[in-house]
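Structure file structure-v4.txt with compact mmCIF, C-alpha atoms:
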# COMPACT_ATOMS: atom_id res chain seq x y z
CA MET A 1 53.52 185.91 44.51
CA ARG A 2 54.52 182.72 42.70
CA ARG A 3 56.77 184.73 40.36
CA LEU A 4 58.92 186.13 43.19
CA ALA A 5 62.48 184.93 43.48
CA LEU A 6 62.95 182.20 46.06
CA ALA A 7 65.45 184.28 48.01
CA GLY A 8 62.86 186.95 48.66
CA TRP A 9 60.14 184.57 49.74
CA PRO A 10 60.72 184.70 53.55
CA VAL A 11 60.54 188.50 53.43
CA TRP A 12 57.18 188.39 51.73
CA ILE A 13 55.92 185.81 54.22
CA ALA A 14 56.89 188.11 57.06
CA LEU A 15 55.20 191.08 55.41
CA LEU A 16 52.01 189.11 54.79
CA THR A 17 51.98 187.94 58.39
CA LEU A 18 52.41 191.45 59.72
CA CYS A 19 49.64 192.73 57.46
CA ALA A 20 47.33 189.96 58.61
CA LEU A 21 48.00 190.72 62.25
CA ALA A 22 47.46 194.41 61.69
CA CYS A 23 44.06 193.99 60.03
CA GLY A 24 42.85 191.11 62.21
CA CYS A 25 42.71 188.61 59.32
CA ARG A 26 43.49 184.94 59.75
CA THR A 27 45.80 183.54 57.11
CA VAL A 28 46.59 180.06 55.84
CA PRO A 29 50.23 179.19 55.14
CA PRO A 30 51.05 179.29 51.42
CA SER A 31 52.60 175.83 51.75
CA THR A 32 49.17 174.13 51.85
CA PRO A 33 49.69 170.89 49.86
CA PRO A 34 47.55 170.25 46.77
CA LEU A 35 44.26 168.49 47.47
CA GLU A 36 43.78 164.93 46.29
CA TRP A 37 40.54 163.72 44.78
CA ILE A 38 38.11 161.95 47.11
CA GLY A 39 36.42 158.65 46.31
CA VAL A 40 34.76 155.75 48.13
CA GLY A 41 36.99 152.94 49.36
CA ALA A 42 36.74 149.40 48.11
CA ASP A 43 35.05 148.33 51.33
CA GLY A 44 32.15 150.72 50.70
CA LYS A 45 32.39 152.04 54.26
CA GLU A 46 34.87 154.90 54.12
CA PHE A 47 36.33 157.55 51.86
CA VAL A 48 39.81 157.52 50.38
CA CYS A 49 42.17 160.03 48.81
CA GLU A 50 43.13 159.35 45.22
CA PRO A 51 45.67 158.40 44.10
CA SER A 52 47.41 157.92 47.48
CA GLY A 53 44.75 155.61 48.91
CA ARG A 54 44.87 157.32 52.32
CA THR A 55 41.68 157.22 54.37
CA PHE A 56 39.74 160.49 54.31
CA THR A 57 37.36 161.33 57.15
CA PRO A 58 35.04 164.30 56.49
CA TRP A 59 35.26 166.47 59.61
CA GLY A 60 33.77 169.85 59.04
CA PHE A 61 31.23 172.61 59.29
CA ASN A 62 27.98 173.76 57.79
CA TYR A 63 28.76 177.32 56.74
CA ASP A 64 25.08 177.95 56.03
CA HIS A 65 24.87 181.52 57.31
CA ASP A 66 26.98 184.05 59.18
CA GLU A 67 26.57 185.47 62.67
CA GLN A 68 23.98 187.93 61.32
CA GLY A 69 21.89 185.21 59.68
CA ARG A 70 22.99 186.21 56.18
CA LEU A 71 23.42 183.59 53.48
CA ILE A 72 26.77 183.48 51.69
CA GLU A 73 25.39 185.02 48.49
CA ASP A 74 24.24 188.02 50.56
CA TYR A 75 27.80 189.10 51.30
CA TRP A 76 30.21 187.37 48.95
CA ASP A 77 30.28 190.35 46.59
CA SER A 78 30.96 193.11 49.13
CA GLU A 79 32.68 191.18 51.96
CA TRP A 80 34.88 188.59 50.31
CA SER A 81 37.58 189.17 52.92
CA LYS A 82 35.14 187.91 55.56
CA ILE A 83 34.76 184.63 53.68
CA GLU A 84 38.52 184.30 53.40
CA SER A 85 38.85 184.95 57.11
CA ASP A 86 36.11 182.46 58.00
CA PHE A 87 37.67 179.77 55.80
CA ALA A 88 41.03 180.32 57.49
CA GLU A 89 39.37 180.06 60.89
CA MET A 90 37.55 176.85 59.99
CA LYS A 91 40.82 175.39 58.77
CA SER A 92 42.60 176.43 61.97
CA LEU A 93 39.84 174.79 64.03
CA GLY A 94 40.69 171.48 62.33
CA ALA A 95 38.07 171.23 59.58
CA ASN A 96 38.79 169.51 56.29
CA VAL A 97 35.36 170.05 54.64
CA VAL A 98 32.97 173.01 54.53
CA ARG A 99 29.33 172.55 53.55
CA ILE A 100 28.09 175.44 51.39
CA HIS A 101 24.36 175.95 50.78
CA LEU A 102 23.69 177.42 47.31
CA GLN A 103 20.44 179.36 46.89
CA PHE A 104 18.48 178.49 43.77
CA GLY A 105 17.23 182.05 43.28
CA LYS A 106 20.77 183.42 43.12
CA PHE A 107 21.95 180.96 40.48
CA MET A 108 19.07 180.83 37.96
CA ARG A 109 17.99 184.00 36.15
CA ASP A 110 15.04 182.28 34.51
CA PRO A 111 14.01 178.69 33.66
CA THR A 112 16.83 178.27 31.13
CA GLN A 113 19.64 180.68 32.04
CA PRO A 114 22.01 180.34 35.00
CA ASP A 115 23.50 183.54 36.39
CA PRO A 116 27.11 183.97 35.12
CA HIS A 117 28.12 186.20 38.03
CA ALA A 118 26.97 183.69 40.66
CA LEU A 119 28.81 180.91 38.84
CA GLY A 120 31.91 183.11 38.76
CA GLN A 121 31.70 183.68 42.50
CA LEU A 122 31.28 179.95 43.04
CA LEU A 123 34.45 179.31 41.05
CA ARG A 124 36.18 181.95 43.17
CA LEU A 125 35.05 180.03 46.27
CA VAL A 126 36.37 176.77 44.83
CA LYS A 127 39.77 178.39 44.25
CA LEU A 128 39.75 179.70 47.82
CA ALA A 129 39.04 176.17 49.06
CA GLU A 130 41.95 174.84 47.02
CA ARG A 131 44.32 177.45 48.47
CA THR A 132 43.06 176.91 52.01
CA GLY A 133 43.22 173.13 51.84
CA LEU A 134 39.51 172.62 52.44
CA TYR A 135 37.05 170.48 50.52
CA LEU A 136 33.54 171.67 49.69
CA ASN A 137 30.22 169.92 50.14
CA LEU A 138 28.07 171.85 47.65
CA THR A 139 24.43 171.59 48.68
CA GLY A 140 22.11 172.98 46.03
CA LEU A 141 18.59 174.17 45.24
CA ALA A 142 18.24 175.93 48.59
CA CYS A 143 15.28 178.27 49.15
CA TYR A 144 16.07 179.21 52.73
CA HIS A 145 14.88 182.82 52.50
CA LYS A 146 11.42 182.70 51.03
CA ALA A 147 11.64 186.29 49.80
CA ASP A 148 14.52 185.28 47.50
CA VAL A 149 12.60 182.49 45.76
CA PRO A 150 11.59 183.63 42.23
CA ALA A 151 7.82 183.77 41.69
CA TRP A 152 8.25 182.12 38.29
CA TYR A 153 9.97 179.15 39.97
CA ASP A 154 7.16 178.51 42.44
CA ALA A 155 4.62 178.80 39.61
CA LEU A 156 6.16 175.94 37.63
CA PRO A 157 4.41 172.57 37.64
CA GLU A 158 6.37 169.64 39.00
CA ARG A 159 7.83 168.38 35.70
CA GLU A 160 9.10 171.79 34.65
CA ARG A 161 10.40 172.52 38.16
CA TRP A 162 12.47 169.35 38.10
CA ALA A 163 13.81 170.29 34.67
CA VAL A 164 14.96 173.68 35.99
CA GLN A 165 16.53 171.98 39.00
CA ALA A 166 18.43 169.73 36.59
CA ARG A 167 19.68 172.80 34.69
CA PHE A 168 20.87 174.28 37.98
CA TRP A 169 22.92 171.17 38.67
CA GLU A 170 24.27 171.01 35.12
CA ALA A 171 25.59 174.56 35.53
CA ILE A 172 27.16 173.82 38.94
CA ALA A 173 28.77 170.58 37.78
CA ALA A 174 30.15 172.15 34.61
CA GLN A 175 31.76 174.88 36.71
CA CYS A 176 33.28 172.57 39.31
CA ALA A 177 34.11 169.34 37.48
CA ASP A 178 37.85 169.95 37.20
CA SER A 179 38.57 170.81 40.83
CA PRO A 180 39.64 168.22 43.40
CA ALA A 181 38.30 170.58 46.11
CA ILE A 182 34.75 169.31 45.63
CA PHE A 183 34.07 166.61 48.18
CA CYS A 184 30.51 166.08 46.98
CA TYR A 185 27.34 167.48 45.47
CA ASP A 186 24.32 167.29 47.80
CA LEU A 187 21.20 167.41 45.62
CA MET A 188 19.04 169.26 48.18
CA ASN A 189 18.84 169.91 51.87
CA GLU A 190 16.08 167.81 53.47
CA PRO A 191 13.81 167.00 50.52
CA VAL A 192 10.38 165.54 51.27
CA VAL A 193 7.66 163.85 49.24
CA PRO A 194 4.14 164.77 50.44
CA GLY A 195 2.49 161.94 52.33
CA GLY A 196 -1.21 162.69 52.05
CA ASP A 197 -3.63 162.37 49.16
CA GLY A 198 -4.33 166.09 48.89
CA ARG A 199 -2.43 168.85 47.16
CA ARG A 200 -0.06 171.23 48.93
CA ASP A 201 -0.06 174.93 48.13
CA ASP A 202 3.59 175.57 49.03
CA TRP A 203 6.87 173.92 48.00
CA LEU A 204 8.53 174.81 51.31
CA GLY A 205 8.12 173.39 54.77
CA GLY A 206 7.70 175.55 57.86
CA ASP A 207 10.34 178.07 58.82
CA PHE A 208 12.93 177.63 61.57
CA ALA A 209 14.41 180.90 62.85
CA GLY A 210 13.26 182.61 59.67
CA LYS A 211 14.68 180.03 57.27
CA HIS A 212 12.99 177.23 55.33
CA PHE A 213 15.27 174.19 55.42
CA VAL A 214 12.73 171.53 54.35
CA GLN A 215 11.57 171.51 50.73
CA PHE A 216 8.96 169.39 48.96
CA ILE A 217 9.84 167.95 45.56
CA ALA A 218 6.17 167.54 44.61
CA LEU A 219 2.92 169.18 45.62
CA GLU A 220 0.85 166.01 45.31
CA ARG A 221 1.33 162.28 44.90
CA ALA A 222 -1.27 161.98 42.12
CA GLY A 223 -1.62 158.24 42.70
CA ARG A 224 2.12 157.57 42.74
CA ALA A 225 4.08 155.83 45.47
CA ARG A 226 6.16 158.29 47.48
CA LEU A 227 9.32 156.23 46.96
CA ASP A 228 8.81 156.21 43.18
CA ILE A 229 8.66 160.01 43.19
CA ALA A 230 11.83 160.25 45.28
CA LEU A 231 13.71 157.80 43.07
CA ALA A 232 12.69 159.54 39.84
CA TRP A 233 13.81 162.90 41.21
CA VAL A 234 17.18 161.60 42.43
CA GLN A 235 17.84 159.86 39.13
CA GLN A 236 16.99 162.93 37.05
CA LEU A 237 19.29 165.22 39.03
CA THR A 238 22.20 162.78 39.25
CA ALA A 239 21.96 162.28 35.47
CA ALA A 240 22.17 166.07 35.01
CA ILE A 241 25.37 166.22 37.08
CA ARG A 242 26.91 163.26 35.28
CA LYS A 243 26.56 165.04 31.92
CA HIS A 244 29.47 167.21 32.99
CA ASP A 245 31.10 165.52 35.97
CA SER A 246 31.63 161.77 36.18
CA ARG A 247 33.99 161.85 39.14
CA HIS A 248 32.73 163.81 42.14
CA LEU A 249 30.54 162.11 44.72
CA ILE A 250 26.77 162.69 44.95
CA THR A 251 24.52 162.48 48.00
CA VAL A 252 21.33 164.04 49.37
CA GLY A 253 20.82 165.50 52.86
CA LEU A 254 18.11 163.43 54.56
CA VAL A 255 16.09 164.25 57.65
CA ASP A 256 16.35 161.62 60.37
CA TRP A 257 12.66 160.76 59.89
CA SER A 258 13.36 159.23 56.47
CA LEU A 259 13.33 155.63 57.70
CA ASP A 260 10.49 153.40 56.53
CA ARG A 261 8.73 153.00 59.85
CA PRO A 262 5.42 154.10 61.44
CA GLY A 263 4.97 157.81 61.97
CA LEU A 264 6.40 160.81 60.16
CA THR A 265 8.51 159.94 57.10
CA SER A 266 10.07 161.90 54.22
CA GLY A 267 9.50 159.40 51.40
CA PHE A 268 13.28 159.10 50.84
CA VAL A 269 13.84 155.60 52.22
CA PRO A 270 17.64 155.20 52.61
CA GLU A 271 17.69 151.51 51.76
CA LYS A 272 15.86 152.17 48.49
CA ILE A 273 17.63 155.29 47.22
CA VAL A 274 21.18 154.36 48.23
CA GLY A 275 21.80 152.61 44.90
CA ASP A 276 21.60 155.92 43.03
CA LEU A 277 23.95 157.77 45.41
CA ASP A 278 27.63 157.47 46.31
CA PHE A 279 26.95 157.75 50.03
CA ILE A 280 24.12 158.51 52.45
CA SER A 281 23.85 161.73 54.45
CA VAL A 282 21.66 162.08 57.53
CA HIS A 283 20.87 165.06 59.75
CA LEU A 284 20.74 163.87 63.32
CA TYR A 285 20.46 165.85 66.55
CA PRO A 286 20.47 163.59 69.64
CA GLU A 287 17.76 164.26 72.21
CA LYS A 288 18.22 164.46 75.97
CA SER A 289 18.24 160.99 77.56
CA ALA A 290 17.82 159.40 74.12
CA VAL A 291 21.33 158.76 72.81
CA ASP A 292 20.57 155.07 72.22
CA ASP A 293 17.55 156.04 70.11
CA ALA A 294 19.67 158.38 67.99
CA LEU A 295 22.23 155.64 67.41
CA ALA A 296 19.49 153.18 66.43
CA THR A 297 18.22 155.71 63.90
CA LEU A 298 21.74 156.16 62.54
CA ARG A 299 22.09 152.42 61.99
CA GLY A 300 18.94 152.58 59.88
CA PHE A 301 20.83 154.60 57.26
CA ALA A 302 23.67 152.10 56.77
CA PHE A 303 23.24 150.00 53.63
CA GLY A 304 26.58 149.15 52.06
CA LYS A 305 27.85 152.68 51.41
CA PRO A 306 29.47 155.31 53.65
CA VAL A 307 27.17 157.17 56.04
CA VAL A 308 27.89 160.82 56.86
CA ILE A 309 26.22 162.71 59.70
CA GLU A 310 25.90 165.88 57.64
CA GLU A 311 24.32 167.93 60.42
CA THR A 312 24.64 167.47 64.15
CA PHE A 313 24.89 169.76 67.16
CA PRO A 314 24.34 169.65 70.96
CA LEU A 315 21.01 171.40 70.46
CA ARG A 316 18.71 169.22 72.58
CA CYS A 317 21.07 167.31 74.85
CA SER A 318 23.89 167.90 77.30
CA ARG A 319 27.52 168.21 76.28
CA GLU A 320 28.21 164.84 77.91
CA GLU A 321 25.37 163.12 76.04
CA PHE A 322 26.49 164.69 72.78
CA ALA A 323 30.05 163.44 73.28
CA ASP A 324 28.67 159.97 74.03
CA PHE A 325 26.59 160.03 70.84
CA MET A 326 29.47 161.22 68.68
CA LEU A 327 31.99 158.72 69.99
CA ARG A 328 29.61 155.77 69.69
CA SER A 329 28.49 156.88 66.23
CA ARG A 330 31.94 155.94 64.90
CA ASP A 331 30.71 152.35 64.61
CA VAL A 332 28.47 153.48 61.73
CA ALA A 333 29.40 156.94 60.46
CA SER A 334 32.36 157.81 58.26
CA GLY A 335 32.10 161.61 58.51
CA TRP A 336 30.64 164.42 60.62
CA PHE A 337 29.54 168.04 60.06
CA GLY A 338 28.61 170.55 62.74
CA PHE A 339 28.24 174.32 62.31
CA TYR A 340 30.36 177.44 62.06
CA TRP A 341 28.65 180.84 61.84
CA GLY A 342 31.53 183.28 61.70
CA LYS A 343 32.40 183.51 65.39
CA THR A 344 35.60 182.08 66.83
CA PRO A 345 35.59 180.29 70.19
CA GLU A 346 37.06 183.41 71.75
CA GLU A 347 34.29 185.57 70.30
CA CYS A 348 31.62 183.13 71.48
CA ARG A 349 33.14 183.10 74.95
CA ALA A 350 33.19 186.90 75.11
CA ALA A 351 29.60 187.28 73.83
CA GLY A 352 28.16 185.28 76.71
CA THR A 353 24.70 184.54 75.26
CA ILE A 354 23.03 181.12 75.54
CA GLY A 355 23.39 180.59 71.81
CA ASP A 356 27.06 181.52 71.90
CA ALA A 357 27.61 179.17 74.83
CA MET A 358 26.09 176.30 72.85
CA MET A 359 28.28 177.12 69.87
CA LEU A 360 31.33 177.32 72.12
CA ASN A 361 30.56 173.84 73.49
CA TRP A 362 30.45 172.50 69.95
CA LEU A 363 33.61 174.25 68.76
CA GLU A 364 35.58 173.10 71.80
CA PHE A 365 34.41 169.54 71.22
CA PHE A 366 35.30 169.83 67.52
CA GLN A 367 38.82 170.98 68.32
CA THR A 368 39.67 168.67 71.20
CA GLN A 369 38.06 165.48 69.91
CA ALA A 370 39.28 165.58 66.31
CA PRO A 371 42.01 162.95 66.96
CA GLN A 372 39.26 160.51 68.00
CA PHE A 373 37.66 160.78 64.57
CA VAL A 374 40.22 161.84 61.94
CA ARG A 375 43.19 159.66 61.16
CA PRO A 376 46.47 161.56 60.71
Entire entry expressed as structure tokens:
Amino acid sequence: MRRLALAGWPVWIALLTLCALACGCRTVPPSTPPLEWIGVGADGKEFVCEPSGRTFTPWGFNYDHDEQGRLIEDYWDSEWSKIESDFAEMKSLGANVVRIHLQFGKFMRDPTQPDPHALGQLLRLVKLAERTGLYLNLTGLACYHKADVPAWYDALPERERWAVQARFWEAIAAQCADSPAIFCYDLMNEPVVPGGDGRRDDWLGGDFAGKHFVQFIALERAGRARLDIALAWVQQLTAAIRKHDSRHLITVGLVDWSLDRPGLTSGFVPEKIVGDLDFISVHLYPEKSAVDDALATLRGFAFGKPVVIEETFPLRCSREEFADFMLRSRDVASGWFGFYWGKTPEECRAAGTIGDAMMLNWLEFFQTQAPQFVRP
């Protein structure tokens, strides 16, 4: 297309538009401006575009599975057009970042060799993001579908498992280092250090709707402090990324029960690990009649660097309470991610299920309230 004469360009635009309408695809205008690199502002509270210095507010979606519950690696070979269509839809809804969850078992063939095809598809996704004008939050080491986790991986002792995880991140960083479309690398979704004195027999936490979102980074403490284990793990994986990529931001997706307080904790104390990360990410779902509690928890993650609510959704509260939480969270948070699972608002409205109604509430909020969060 770029080689066509300028005089013929409007004709080709018209043809592309007609084709898109005929096949039901959603397109993104070819005039999408080049993406700038994203860094942390001098105040340590917000993100900025480089070199312009404009404020950047992450406002996006977790694209963690599609409407059938499939993970992206399950369909990105045979249904690439679906991914293109979904990216165009997320862009049209007002998103500027998409969070992608990369499955460990799809990217590592064995303890030493990454899968070239998976890395090639990831690069293809990065190029799509560049064309669409969307940034990517690349969350790695996912083991969401237990059946896809290699037996050899689960059999590794802790030290060797961490080494393989580091190789995973080296491969990802080497593939993506040159693209401004990477907003950040998220080391793992909801990592946890075991809290008891015994030994676990499984690296994964319990399942939620058939997926395992929580993952343990050790099976036992073996006399170590939980925080020391968390810090060592974060430092090893960030060092692996920095071998190939010194520029893109690094974070880790923390459960809201990571604060150092009585009760259930993850071992990843935000105040203690923030020094090894570029910003803090928290997953926070406000409860009914407990918006103030959710905001108090959010404040517990703020320690001199930007805070991003990397997962949120009106799952356990009313639409009005969720709006209250989101608007008041602006005092602390510098970015927000909800969910998009392949259905447009119109499709959710037509489906009429409870789940679709909840998604519709979120998508309508996302569209209408964007000006309250994202600066032009």
Query raised in the report: Hey, which of A:Met359, A:Val374, A:Val234, A:Cys143 ends up closest to Gly275 of chain A? Count all atoms listed in the file.
Result: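 Using all atoms listed in the file, Gly275 of chain A sits closest to A:Val234.
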Query raised in the report: Separation of atom CA of Trp203 of chain A and atom CA of Trp169 of chain A, in Å?
Result: 18.8 Å
Report task. To one decimal in Å, tell me the separation between atom CA of Val193 of chain A and atom CA of Trp257 of chain A. Result ->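 Answer for the atom CA of Val193 of chain A to atom CA of Trp257 of chain A separation: 12.2 Å.
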**Report entry** Computed interatomic separation between atom CA of Cys184 of chain A and atom CA of Ala151 of chain A (Å)
**Finding:**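 That distance, rounded to one decimal, is 29.3 Å.
Closest approach to Ile83 of chain A among A:Lys106, A:Ser52, A:Leu119, A:Gly342 is made by A:Gly342 (distances from all atoms listed in the file).
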Report summary line: From the list A:Gly140, A:Gly133, A:Gly41, A:Gly196, the nearest residue to Met108 of chain A using only C-alpha atoms is A:Gly140
Query raised in the report: When distances are computed from only C-alpha atoms, which of A:Pro270, A:Gly105, A:Pro34, A:Gly206 shows the smallest separation from Thr132 of chain A?
Result: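 For Thr132 of chain A, the nearest of the given residues is A:Pro34.
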Spatial neighbours of segment 333-341 of chain A, 9 Å, all atoms listed in the file, chain gap at least 4 places, as a compact mmCIF listing (two decimals) with C-alpha atoms, keeping the file's coordinate frame:
# COMPACT_ATOMS: atom_id res chain seq x y z
CA LYS A 45 32.39 152.04 54.26
CA GLU A 46 34.87 154.90 54.12
CA PHE A 47 36.33 157.55 51.86
CA PHE A 56 39.74 160.49 54.31
CA THR A 57 37.36 161.33 57.15
CA PRO A 58 35.04 164.30 56.49
CA TRP A 59 35.26 166.47 59.61
CA GLY A 60 33.77 169.85 59.04
CA PHE A 61 31.23 172.61 59.29
CA ASN A 62 27.98 173.76 57.79
CA TYR A 63 28.76 177.32 56.74
CA ASP A 64 25.08 177.95 56.03
CA HIS A 65 24.87 181.52 57.31
CA ASP A 66 26.98 184.05 59.18
CA GLU A 67 26.57 185.47 62.67
CA GLN A 68 23.98 187.93 61.32
CA GLY A 69 21.89 185.21 59.68
CA ASP A 86 36.11 182.46 58.00
CA MET A 90 37.55 176.85 59.99
CA VAL A 97 35.36 170.05 54.64
CA VAL A 98 32.97 173.01 54.53
CA ARG A 99 29.33 172.55 53.55
CA LEU A 298 21.74 156.16 62.54
CA ARG A 299 22.09 152.42 61.99
CA ALA A 302 23.67 152.10 56.77
CA PRO A 306 29.47 155.31 53.65
CA VAL A 307 27.17 157.17 56.04
CA VAL A 308 27.89 160.82 56.86
CA ILE A 309 26.22 162.71 59.70
CA GLU A 310 25.90 165.88 57.64
CA GLU A 311 24.32 167.93 60.42
CA THR A 312 24.64 167.47 64.15
CA PHE A 313 24.89 169.76 67.16
CA MET A 326 29.47 161.22 68.68
CA SER A 329 28.49 156.88 66.23
CA MET A 359 28.28 177.12 69.87
CA TRP A 362 30.45 172.50 69.95
CA LEU A 363 33.61 174.25 68.76
CA PHE A 366 35.30 169.83 67.52
CA PHE A 373 37.66 160.78 64.57
CA VAL A 374 40.22 161.84 61.94
Report task. Would you mind listing what lies within 9 Å of Met188 of chain A as a count of residues only, with all atoms listed in the file counted and same-chain residues fewer than 2 positions away left out? Result -> 14
Query - Point (24.9, 166.9, 30.0), cut-off 10 Å, counting all atoms listed in the file, residues as a list of chain:residue names - result: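 Residues with an atom at most 10 Å from (24.9, 166.9, 30.0): A:Ala166, A:Arg167, A:Trp169, A:Glu170, A:Ala171, A:Ala173, A:Ala174, A:Ala239, A:Ala240, A:Ile241, A:Arg242, A:Lys243, A:His244, A:Asp245.
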Query - For Asp43 of chain A, the nearest of the candidates A:Ala147, A:Gln369, A:Tyr285, A:Thr55, counting all atoms listed in the file - result: A:Thr55
Query raised in the report: Restricting the calculation to all atoms listed in the file, which member of A:Asp292, A:Glu36, A:Asp74, A:Asp324 is positioned closest to His145 of chain A?
Result: A:Asp74
Requested in this report: Enumerate, as a list in words, the protein, DNA and RNA residues whose atoms approach (10.9, 161.2, 51.6) to within 8 Å, taking into account all atoms listed in the file and the coordinate frame of the file.
Outcome: Pro191, Val192, Val193, Pro194, Arg226, Leu227, Ala230, Ser258, Thr265, Ser266, Gly267, Phe268 and Val269 of chain A
Quick one: residues within 12 Å of Ala155 of chain A, only C-alpha atoms counted, chain neighbours fewer than 2 positions away excluded, as a PDB file with C-alpha atoms, in the frame of the given file?
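The resulting file, out.pdb, is reproduced below:
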ATOM      1  CA  PRO A 111      14.010 178.690  33.660  1.00  0.00           C
ATOM      2  CA  VAL A 149      12.600 182.490  45.760  1.00  0.00           C
ATOM      3  CA  PRO A 150      11.590 183.630  42.230  1.00  0.00           C
ATOM      4  CA  ALA A 151       7.820 183.770  41.690  1.00  0.00           C
ATOM      5  CA  TRP A 152       8.250 182.120  38.290  1.00  0.00           C
ATOM      6  CA  TYR A 153       9.970 179.150  39.970  1.00  0.00           C
ATOM      7  CA  PRO A 157       4.410 172.570  37.640  1.00  0.00           C
ATOM      8  CA  GLU A 158       6.370 169.640  39.000  1.00  0.00           C
ATOM      9  CA  ARG A 159       7.830 168.380  35.700  1.00  0.00           C
ATOM     10  CA  GLU A 160       9.100 171.790  34.650  1.00  0.00           C
ATOM     11  CA  ARG A 161      10.400 172.520  38.160  1.00  0.00           C
ATOM     12  CA  ASP A 201      -0.060 174.930  48.130  1.00  0.00           C
ATOM     13  CA  ASP A 202       3.590 175.570  49.030  1.00  0.00           C
ATOM     14  CA  TRP A 203       6.870 173.920  48.000  1.00  0.00           C
ATOM     15  CA  LEU A 219       2.920 169.180  45.620  1.00  0.00           C
TER      16      LEU A 219
END
